[in-house]
Amino acid sequence: MSTRFPTGFTWGVATSAYQIEGAPLADGAGPSNWHRFAHEPGRIQNGDTGDVACDHYHRFREDVALIKRLGVSAYRFSFNWARIQPTGRGKVNPKGLDFYKRLVDELHAHGIRPFATLHHWDLPAALEDAGGWLSRDTALRFADFTELMAGALDGQIEDWCTLNEPWVIMHAGFVEGVHPPGLANLALAPKVAYHLLLAHAEAVRAYRATGRHRMGLVVNIEPKYAASDEPKDHAARARAEAYMNRLFVDPIFQGRWPEELIEALGETAWREVLAEPLAPLREPLDWLGLNYYTRAVVRHAPGGFLDTATVRQPGLHTEMGWEVYPQGLTDTLLWLHERTGGIPLYVTENGAAFADPPIEDGRLHDPLREAYLHEHLQAALNALQRGVDLRGYFAWSLLDNFEWQFGYSKRFGLVHVDPATGARTPKDSARLFAEVAATHGECLSA
Ligand code: FCB
């Protein structure tokens, strides 16, 4: 079968601000919630922080040159909101904004299309102190920030998205407590989800009011499969899917909250949210981004999270403990295609953390990451050939970087970053990806 992707298909690499930039307080930036959280003892593996990260704040020109060498046509990155509005509201810090203007200029100078994520988890700490995602006001401040950025980078960025993985913000921050603000209370989930969806919709409205187009949202979907044909396992699967995959997709595209979840969490947790109209959350989108890494096989497990448990499968798992399951990418793209009424889709993140061997003679051989890429690109193509309107694929990530609560222990980069010197060395997977982009995927069938 041909592995040629359509001409015009977008090939890109992705990063996010706190994970790569470093210099979190430089040039008048305010602290973000992630900066503060990472400095709290015991929060991050090995006590790592984003203080230096990949030093991208100072090395962005070198990084844009690296992207250029990969031969990809697009770069997905995010803004650290607190660089631009140090307290999340009010006056702009011109030096913070300037950094992103210089980055975008540099991208254009190299013919690389910027895909900007307005919020990839690093919230100004002042906004978190004022209630963060438990407060409606945060949603309105985010809409203001969006309008500000659309104006400030007028004509420089055509492709925007509002939030990266709102489910993770909610689950890791408010249910598991492993991301800021570090709360662990499942009953907060509906309220946080509602404010995130509202922030997204208000931002889209603010953006459209400026007469511009091409706004998307990025969701993480981990397809759920039942562990057996038992009705109980099927019900468990449906609950897991409602919580992780439908909570942020259904209100926008189906105009309803997932029933299974209302039942599972109980009316009390939902009371305030159900009293709010859903129509204002349903702002039409130009595209939806999918972050795909793995799947879960689910069984009924009384006492487990939502009375479910994930059944570990045989076969290859990444350093994150995630099963390598390319078929899940095809299934998810088909599922989203159907659920969203055929909206244009992008794979906005896909990749794998593996323990890399040392660099030898300037080369780093990462055959497992190469195989992961290869198989998932074939899975993406398979979905395209089955009618999904897939417009592009972004590899996660350009660089080895700060992987949130795991610090620098998990390496997703196509490019190795030396922790001591910051030196960049493209891995074999970077070479493979460059070839894929150059041949529109034809090299995958060779
Ligand atoms: C996603 C995040 C991204 C990175 C990858 C591995 O959930 O969007 O920042 O951490 O996982």
# chains A, B, ... in the order shown; residues from 1 in each chain; ligands from 1
>>> closest_atom_pairs(of="chain A", to="ligand 1", cutoff="10 Å", atoms="only C-alpha atoms and all ligand atoms", output="tab-separated table")
residue	atom	partner	partner_atom_place_in_ligand_line	distance
A:Ala14	CA	ligand 1	3 (C)	8.7
A:Thr15	CA	ligand 1	9 (O)	7.0
A:Ser16	CA	ligand 1	9 (O)	6.2
A:Ala17	CA	ligand 1	9 (O)	9.1
A:Tyr18	CA	ligand 1	9 (O)	9.0
A:Gln19	CA	ligand 1	9 (O)	7.2
A:Ser78	CA	ligand 1	9 (O)	10.0
A:His120	CA	ligand 1	8 (O)	7.2
A:Trp121	CA	ligand 1	9 (O)	8.3
A:Leu163	CA	ligand 1	8 (O)	9.9
A:Asn164	CA	ligand 1	8 (O)	6.2
A:Glu165	CA	ligand 1	8 (O)	6.2
A:Pro166	CA	ligand 1	8 (O)	9.5
A:Trp167	CA	ligand 1	7 (O)	9.4
A:Val168	CA	ligand 1	7 (O)	6.9
A:Ile169	CA	ligand 1	7 (O)	9.5
A:Val218	CA	ligand 1	8 (O)	8.7
A:Val219	CA	ligand 1	8 (O)	8.7
A:Asn220	CA	ligand 1	7 (O)	6.8
A:Ile221	CA	ligand 1	7 (O)	9.7
A:Leu290	CA	ligand 1	8 (O)	10.0
A:Asn291	CA	ligand 1	1 (C)	6.8
A:Tyr292	CA	ligand 1	1 (C)	8.4
A:Tyr293	CA	ligand 1	11 (O)	7.8
A:Met320	CA	ligand 1	6 (C)	8.7
A:Thr348	CA	ligand 1	8 (O)	9.0
A:Glu349	CA	ligand 1	8 (O)	7.2
A:Asn350	CA	ligand 1	5 (C)	8.0
A:Gly351	CA	ligand 1	6 (C)	7.4
A:Ala352	CA	ligand 1	6 (C)	7.5
A:Ala353	CA	ligand 1	6 (C)	7.9
A:Trp396	CA	ligand 1	5 (C)	6.9
A:Ser397	CA	ligand 1	4 (C)	7.9
A:Asn401	CA	ligand 1	10 (O)	8.9
A:Phe402	CA	ligand 1	10 (O)	8.0
A:Glu403	CA	ligand 1	10 (O)	5.3
A:Trp404	CA	ligand 1	10 (O)	6.4
A:Gln405	CA	ligand 1	10 (O)	9.3
A:Phe406	CA	ligand 1	10 (O)	9.4
A:Lys410	CA	ligand 1	6 (C)	8.6
A:Arg411	CA	ligand 1	6 (C)	9.0
A:Phe412	CA	ligand 1	6 (C)	7.0
A:Gly413	CA	ligand 1	6 (C)	9.9
>>> select_by_dssp(residues="stretch 138-293 of chain A", states="helix (DSSP H, G or I)", output="ChimeraX atom specification")
/A:138-152,166-175,186-209,231-246,250-253,259-265,267-274,279-281
>>> residues_around(residues="stretch 269-286 of chain A", least_positions_apart="3", cutoff="9 Å", atoms="only C-alpha atoms", output="number ranges by chain")
A: 186-191, 194, 197-202, 204-205, 213-217, 251-257, 262, 265-266, 343-344
>>> select_by_dssp(residues="stretch 154-390 of chain A", states="strand (DSSP E)", output="JSON list (two decimals) with N, CA and C atoms, in the first residue's frame")
[["chain", "number", "residue", "atom", "x", "y", "z"],
["A", 159, "ASP", "N", -2.48, 30.16, 12.62],
["A", 159, "ASP", "CA", -3.03, 28.96, 13.25],
["A", 159, "ASP", "C", -2.86, 29.04, 14.76],
["A", 160, "TRP", "N", -3.98, 29.07, 15.45],
["A", 160, "TRP", "CA", -3.97, 29.22, 16.90],
["A", 160, "TRP", "C", -4.76, 28.07, 17.51],
["A", 161, "CYS", "N", -4.46, 27.74, 18.74],
["A", 161, "CYS", "CA", -5.40, 26.93, 19.50],
["A", 161, "CYS", "C", -5.48, 27.49, 20.92],
["A", 162, "THR", "N", -6.59, 27.25, 21.55],
["A", 162, "THR", "CA", -6.84, 27.83, 22.87],
["A", 162, "THR", "C", -6.07, 27.04, 23.93],
["A", 163, "LEU", "N", -6.59, 25.87, 24.31],
["A", 163, "LEU", "CA", -6.02, 25.12, 25.43],
["A", 163, "LEU", "C", -5.36, 23.85, 24.94],
["A", 164, "ASN", "N", -4.29, 23.47, 25.62],
["A", 164, "ASN", "CA", -3.73, 22.14, 25.41],
["A", 164, "ASN", "C", -4.25, 21.20, 26.49],
["A", 215, "MET", "N", -9.03, 28.86, 14.44],
["A", 215, "MET", "CA", -8.83, 28.62, 15.86],
["A", 215, "MET", "C", -9.21, 27.17, 16.18],
["A", 216, "GLY", "N", -8.35, 26.52, 16.93],
["A", 216, "GLY", "CA", -8.61, 25.13, 17.28],
["A", 216, "GLY", "C", -8.50, 24.89, 18.78],
["A", 217, "LEU", "N", -8.68, 23.63, 19.14],
["A", 217, "LEU", "CA", -8.55, 23.17, 20.52],
["A", 217, "LEU", "C", -7.76, 21.87, 20.45],
["A", 218, "VAL", "N", -6.94, 21.61, 21.47],
["A", 218, "VAL", "CA", -6.17, 20.37, 21.47],
["A", 218, "VAL", "C", -6.61, 19.49, 22.65],
["A", 219, "VAL", "N", -7.04, 18.27, 22.31],
["A", 219, "VAL", "CA", -7.47, 17.33, 23.36],
["A", 219, "VAL", "C", -6.59, 16.09, 23.35],
["A", 220, "ASN", "N", -6.46, 15.48, 24.51],
["A", 220, "ASN", "CA", -5.79, 14.19, 24.61],
["A", 220, "ASN", "C", -6.88, 13.12, 24.64],
["A", 224, "LYS", "N", -10.48, 3.71, 24.82],
["A", 224, "LYS", "CA", -10.74, 2.71, 25.86],
["A", 224, "LYS", "C", -11.36, 1.47, 25.21],
["A", 225, "TYR", "N", -10.81, 0.32, 25.55],
["A", 225, "TYR", "CA", -11.31, -0.96, 25.02],
["A", 225, "TYR", "C", -11.73, -1.80, 26.22],
["A", 226, "ALA", "N", -12.81, -2.55, 26.06],
["A", 226, "ALA", "CA", -13.27, -3.38, 27.19],
["A", 226, "ALA", "C", -12.38, -4.61, 27.32],
["A", 287, "TRP", "N", -10.64, 23.63, 13.62],
["A", 287, "TRP", "CA", -9.96, 22.33, 13.63],
["A", 287, "TRP", "C", -9.85, 21.83, 15.06],
["A", 288, "LEU", "N", -9.59, 20.54, 15.17],
["A", 288, "LEU", "CA", -9.38, 19.94, 16.48],
["A", 288, "LEU", "C", -8.04, 19.21, 16.43],
["A", 289, "GLY", "N", -7.25, 19.39, 17.49],
["A", 289, "GLY", "CA", -5.96, 18.71, 17.57],
["A", 289, "GLY", "C", -6.06, 17.52, 18.50],
["A", 290, "LEU", "N", -5.45, 16.42, 18.08],
["A", 290, "LEU", "CA", -5.45, 15.20, 18.89],
["A", 290, "LEU", "C", -4.03, 14.93, 19.39],
["A", 291, "ASN", "N", -3.89, 14.78, 20.70],
["A", 291, "ASN", "CA", -2.63, 14.29, 21.26],
["A", 291, "ASN", "C", -2.85, 12.82, 21.58],
["A", 296, "ALA", "N", -6.06, 2.30, 26.59],
["A", 296, "ALA", "CA", -6.25, 1.58, 27.85],
["A", 296, "ALA", "C", -7.29, 0.48, 27.66],
["A", 297, "VAL", "N", -6.97, -0.69, 28.20],
["A", 297, "VAL", "CA", -7.92, -1.80, 28.24],
["A", 297, "VAL", "C", -8.52, -1.80, 29.65],
["A", 298, "VAL", "N", -9.84, -1.69, 29.71],
["A", 298, "VAL", "CA", -10.49, -1.37, 30.98],
["A", 298, "VAL", "C", -11.40, -2.51, 31.46],
["A", 299, "ARG", "N", -11.36, -2.77, 32.76],
["A", 299, "ARG", "CA", -12.29, -3.74, 33.35],
["A", 299, "ARG", "C", -13.01, -3.12, 34.54],
["A", 300, "HIS", "N", -14.11, -3.76, 34.92],
["A", 300, "HIS", "CA", -14.87, -3.35, 36.10],
["A", 300, "HIS", "C", -14.04, -3.69, 37.33],
["A", 308, "THR", "N", -13.22, 1.34, 38.00],
["A", 308, "THR", "CA", -12.57, 0.74, 36.83],
["A", 308, "THR", "C", -11.11, 0.46, 37.16],
["A", 309, "ALA", "N", -10.49, -0.38, 36.35],
["A", 309, "ALA", "CA", -9.03, -0.58, 36.42],
["A", 309, "ALA", "C", -8.53, -0.81, 35.01],
["A", 310, "THR", "N", -7.28, -0.43, 34.78],
["A", 310, "THR", "CA", -6.66, -0.66, 33.48],
["A", 310, "THR", "C", -5.90, -1.98, 33.53],
["A", 345, "LEU", "N", -8.85, 17.67, 11.27],
["A", 345, "LEU", "CA", -8.11, 17.20, 12.45],
["A", 345, "LEU", "C", -6.60, 17.33, 12.20],
["A", 346, "TYR", "N", -5.88, 17.53, 13.28],
["A", 346, "TYR", "CA", -4.42, 17.44, 13.26],
["A", 346, "TYR", "C", -4.00, 16.49, 14.37],
["A", 347, "VAL", "N", -2.97, 15.71, 14.14],
["A", 347, "VAL", "CA", -2.31, 15.06, 15.27],
["A", 347, "VAL", "C", -1.34, 16.12, 15.78],
["A", 348, "THR", "N", -1.64, 16.69, 16.95],
["A", 348, "THR", "CA", -0.84, 17.80, 17.46],
["A", 348, "THR", "C", 0.28, 17.33, 18.38],
["A", 349, "GLU", "N", 0.19, 16.07, 18.82],
["A", 349, "GLU", "CA", 1.29, 15.45, 19.57],
["A", 349, "GLU", "C", 1.22, 13.95, 19.39],
["A", 390, "LEU", "N", -7.61, 14.53, 7.87],
["A", 390, "LEU", "CA", -6.41, 14.78, 8.68],
["A", 390, "LEU", "C", -5.48, 15.71, 7.93]]
>>> residues_around(residues="A:Asp122", least_positions_apart="6", cutoff="9 Å", atoms="only C-alpha atoms", output="list of chain:residue names")
A:Ala17, A:Tyr18, A:Ser32, A:Asn33, A:Trp34, A:His35, A:Phe79, A:Asn80, A:Trp81, A:Ala82
>>> closest_residue(among="A:Thr138, A:Thr421, A:Thr49, A:Gln156", to="A:Arg102", atoms="only C-alpha atoms")
A:Gln156
>>> atom_distance(atom1="atom CA of A:Ala437", atom2="atom CA of A:Val72")
6.0 Å
>>> residues_around(residues="stretch 24-27 of chain A", least_positions_apart="6", cutoff="7 Å", atoms="only C-alpha atoms", output="MDAnalysis selection string")
chainID A and resid 51 95:96
>>> closest_residue(among="A:Gly88, A:Gly182, A:Pro94, A:Pro6", to="A:Arg36", atoms="only C-alpha atoms")
A:Gly182
>>> atom_distance(atom1="atom CA of A:Gly211", atom2="atom CA of A:Arg391")
23.1 Å
